[in-house]
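The structure appears right after this line, and notes come after that.
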Amino acid sequence: MDTHEPVQITAEGQTLVVTLDRPKANAIDVITSRALYAAFDRLRSDPRLRVGILTAAGDRFFSAGWDLKAAAAGEGIEADHGPGGFAGITEFLDIGKPVIAAVNGLAFGGGFELALAADLVVAAEHAEFALTEVTLGLVADAGGLLRLPARLPRPIAVECLLTGRRLTATEAARWGLVNRVVPAAELMPAARELAGAICASAPLAVAAVLEILRETEATSVRTGYSIQRSDALPAYRAMLDSQDAREGARAFADRRKPQWQGR
């Protein structure tokens with residue numbers, strides 16, 4: 001019996017490193033989707049954790065997306081991938097903590113959708129991105145059709161969706177899909193550096209930023225202000241009334257580093 005776990009989890013201080021590990025292409029089936037959801041549900045619920053890094057084993061594939069071998073063996077196209085949807089986080093909208101995708105290779109189909117579900121992306125120089133679903137008679141319905149047009153100029157997004165063409169890491173960065181492109185050996189150090197910068201910020205403020213973005217980024221500025229001024233944003237309200245908000249001002253005045261308490 002194969003006892004290899006498809007998802008490896010390591011806590012590094014305040015950072016949870018989640019590694020997709022399914023040789024050879026890190027393809028995703030139902031079991032893997034549910035394991036990814038469990039990992040990020042741990043990130044959400046553990047107050048000691050501040051940020052997650054999602055990467056993959058090997059140096060060729062971040063993820064080839066949906067496991068077509070599992071599909072051929074009977075796993076249906078509408079199989080229940082769990083509460084986070086396909087790949088565990090494409091529909092997990094309330095993690096409340098940042099997720100950094102460290103893309104170590106090819107991110108195709110659902111693998112690209114997995115990267116799009118992250119808040120920040122660091123990519124190895126040889127990484128490539130493509131929504132290949134149309135070449136298989138499918139569509140990118142695990143977030144690709146929703147997220148890519150919101151982040152790219154529409155003609156570029158439509159071309160990617162209709163042809164499955166590849167974006168290099170450099171081109172993805174030029175379009176704003178990737179925060180940093182680094183040599184492969186520097187991928188995880190760069191992701192950890194970014195995680196460390198987030199951990200240096202106030203945790204309630206980070207949660208408030210993610211909440212406000214989630215609730216307002218599809219609205220007008222006028223509507224966004226209305227949402228901010230309502231009672232619909234509990235993380236934002238908690239931040240405004242927090243000890244950390246007062247600590248930040250005191251630390252600035254005292255010319256010292258703030259000591260965040262998360263309350």
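Letters A, B, ... go to the chains of the structure tokens in the order shown; residues in each chain start at 1; ligands are counted from 1 in the same order.
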Please produce, as a Markdown table, a per-residue contact table for range 193-246 of chain A versus range 110-128 of chain A (criterion: any atom at most 10 Å away, only C-alpha atoms considered), showing the nearest atom pair and its distance in Å to one decimal, sorted by chain then residue number.
```
| residue | atom | partner | partner_atom | distance |
| --- | --- | --- | --- | --- |
| A:Leu194 | CA | A:Val122 | CA | 9.0 |
| A:Ala195 | CA | A:Leu120 | CA | 9.9 |
| A:Leu210 | CA | A:Asp119 | CA | 8.9 |
```
(request) Find the residues around Leu36 in chain A up to 12 Å (only C-alpha atoms counted), leave out those fewer than 5 positions away in its own chain, and share them as number ranges by chain. (result) A: 5-9, 17-21, 28-31, 41-43, 52-56, 81-92, 114
(message) One decimal, in Å: what's the spacing between CA of Ala107 in chain A and CA of Ala185 in chain A?
(response) 17.9 Å
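Closest to Arg180 in chain A among A:Ala232, A:Cys160, A:Ala101, A:Gly137 is A:Ala101, based on only C-alpha atoms.
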(request) Using only C-alpha atoms, determine which residues lie at most 9 Å from Val206 in chain A, disregarding the query and same-chain residues fewer than 5 positions distant; provide the list as an MDAnalysis selection string. (result) chainID A and resid 96:98 198:199 201 211
(request) Identify all residues of range 15-261 of chain A in helix (DSSP H, G or I) (DSSP on the backbone) and supply them as a ChimeraX atom specification. (result) /A:30-45,68-72,110-116,133-136,144-151,154-163,169-174,184-199,203-216,221-228,234-240,243-254
Dump C-alpha atoms for the selected residues as a short mmCIF file (atom, residue, chain, number, x, y, z; two decimals), in the first residue's frame?
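And here's part_11.cif as it stands now:
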```cif
data_model
loop_
_atom_site.label_atom_id
_atom_site.label_comp_id
_atom_site.auth_asym_id
_atom_site.auth_seq_id
_atom_site.Cartn_x
_atom_site.Cartn_y
_atom_site.Cartn_z
CA VAL A 30 -9.69 14.64 -4.68
CA ILE A 31 -7.49 13.27 -1.89
CA THR A 32 -4.84 15.89 -2.61
CA SER A 33 -7.40 18.69 -2.73
CA ARG A 34 -8.72 17.70 0.68
CA ALA A 35 -5.18 17.45 2.09
CA LEU A 36 -4.39 20.96 0.81
CA TYR A 37 -7.57 22.27 2.39
CA ALA A 38 -6.64 20.68 5.72
CA ALA A 39 -3.20 22.30 5.59
CA PHE A 40 -4.60 25.78 4.98
CA ASP A 41 -7.37 25.28 7.50
CA ARG A 42 -4.57 24.72 10.01
CA LEU A 43 -3.04 28.03 8.89
CA ARG A 44 -6.40 29.74 9.37
CA SER A 45 -7.10 28.33 12.80
CA LEU A 68 -6.14 13.07 -15.62
CA LYS A 69 -5.09 9.55 -14.61
CA ALA A 70 -7.50 9.76 -11.68
CA ALA A 71 -10.13 11.04 -14.11
CA ALA A 72 -9.52 8.13 -16.46
CA GLY A 110 -5.42 23.76 -12.28
CA GLY A 111 -1.82 24.33 -11.21
CA PHE A 112 -2.04 27.88 -12.57
CA GLU A 113 -5.42 28.26 -10.88
CA LEU A 114 -3.80 27.16 -7.63
CA ALA A 115 -1.16 29.87 -7.99
CA LEU A 116 -3.86 32.44 -8.85
CA GLU A 133 -8.14 23.37 -20.19
CA VAL A 134 -9.50 24.29 -23.65
CA THR A 135 -6.93 22.01 -25.29
CA LEU A 136 -8.52 19.14 -23.31
CA GLY A 144 -9.02 30.77 -13.87
CA LEU A 145 -11.98 32.25 -15.74
CA LEU A 146 -12.76 34.47 -12.75
CA ARG A 147 -9.32 35.57 -11.57
CA LEU A 148 -7.21 35.89 -14.72
CA PRO A 149 -9.39 38.52 -16.49
CA ALA A 150 -9.40 40.55 -13.27
CA ARG A 151 -5.59 40.68 -13.27
CA ARG A 154 -8.81 41.44 -21.18
CA PRO A 155 -7.35 40.59 -24.61
CA ILE A 156 -4.33 38.90 -23.04
CA ALA A 157 -6.50 36.96 -20.57
CA VAL A 158 -8.88 35.87 -23.33
CA GLU A 159 -5.98 34.72 -25.51
CA CYS A 160 -4.64 32.61 -22.64
CA LEU A 161 -8.08 31.16 -21.93
CA LEU A 162 -8.90 30.39 -25.57
CA THR A 163 -5.52 29.05 -26.71
CA ALA A 169 7.81 33.80 -15.42
CA THR A 170 9.25 37.03 -16.79
CA GLU A 171 6.14 37.79 -18.84
CA ALA A 172 3.88 36.90 -15.90
CA ALA A 173 5.84 39.36 -13.76
CA ARG A 174 5.54 42.02 -16.45
CA ALA A 184 15.59 28.35 -8.83
CA ALA A 185 18.04 28.04 -5.93
CA GLU A 186 16.76 31.30 -4.48
CA LEU A 187 13.05 30.48 -4.72
CA MET A 188 12.37 29.38 -1.14
CA PRO A 189 14.73 31.95 0.42
CA ALA A 190 12.84 34.65 -1.50
CA ALA A 191 9.48 33.27 -0.37
CA ARG A 192 10.68 33.07 3.24
CA GLU A 193 11.99 36.64 3.04
CA LEU A 194 8.59 37.82 1.87
CA ALA A 195 6.90 35.81 4.63
CA GLY A 196 9.23 37.38 7.18
CA ALA A 197 8.32 40.87 6.00
CA ILE A 198 4.63 40.04 6.46
CA CYS A 199 5.29 38.62 9.92
CA PRO A 203 -1.29 40.57 12.53
CA LEU A 204 -4.66 42.27 12.98
CA ALA A 205 -3.75 44.84 10.33
CA VAL A 206 -2.74 42.07 7.90
CA ALA A 207 -6.05 40.29 8.51
CA ALA A 208 -7.92 43.58 7.98
CA VAL A 209 -6.14 44.22 4.66
CA LEU A 210 -7.10 40.76 3.38
CA GLU A 211 -10.70 41.18 4.56
CA ILE A 212 -11.13 44.60 2.96
CA LEU A 213 -9.61 43.40 -0.31
CA ARG A 214 -11.86 40.34 -0.36
CA GLU A 215 -15.03 42.34 0.25
CA THR A 216 -14.32 45.39 -1.93
CA VAL A 221 -14.50 53.07 -4.65
CA ARG A 222 -17.77 54.62 -3.43
CA THR A 223 -19.21 51.21 -2.57
CA GLY A 224 -15.93 50.17 -0.99
CA TYR A 225 -16.05 53.11 1.39
CA SER A 226 -19.62 52.23 2.29
CA ILE A 227 -18.56 48.69 3.13
CA GLN A 228 -15.64 49.93 5.24
CA PRO A 234 -15.12 42.32 11.76
CA ALA A 235 -11.35 42.02 11.23
CA TYR A 236 -11.14 45.70 10.28
CA ARG A 237 -13.20 46.72 13.33
CA ALA A 238 -11.04 44.57 15.60
CA MET A 239 -7.91 46.22 14.21
CA LEU A 240 -9.26 49.75 14.78
CA GLN A 243 -3.92 47.35 21.49
CA ASP A 244 -1.66 46.77 18.47
CA ALA A 245 -2.95 49.93 16.77
CA ARG A 246 -1.96 51.93 19.86
CA GLU A 247 1.34 50.05 20.16
CA GLY A 248 2.26 50.94 16.58
CA ALA A 249 1.91 54.67 17.27
CA ARG A 250 3.84 54.40 20.55
CA ALA A 251 6.65 52.41 18.97
CA PHE A 252 6.96 54.96 16.16
CA ALA A 253 7.15 57.81 18.68
CA ASP A 254 9.69 55.89 20.80
#
```
(request) Write down as a count of residues only the residues of range 35-242 of chain A whose backbone DSSP state falls under strand (DSSP E). (result) 30
(request) Between CA of Ser220 in chain A and CA of Ala202 in chain A, measure the distance and give it in Å to one decimal. (result) 27.2 Å
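One distance worth recording is that between CA of Pro258 in chain A and CA of Asn179 in chain A, which is 26.5 Å.
Minimum atom-to-atom distances from A:Gly105, A:Gly262, A:Pro23, A:Gly65 to Ser242 in chain A were compared using only C-alpha atoms, and the lowest value belongs to A:Gly262.
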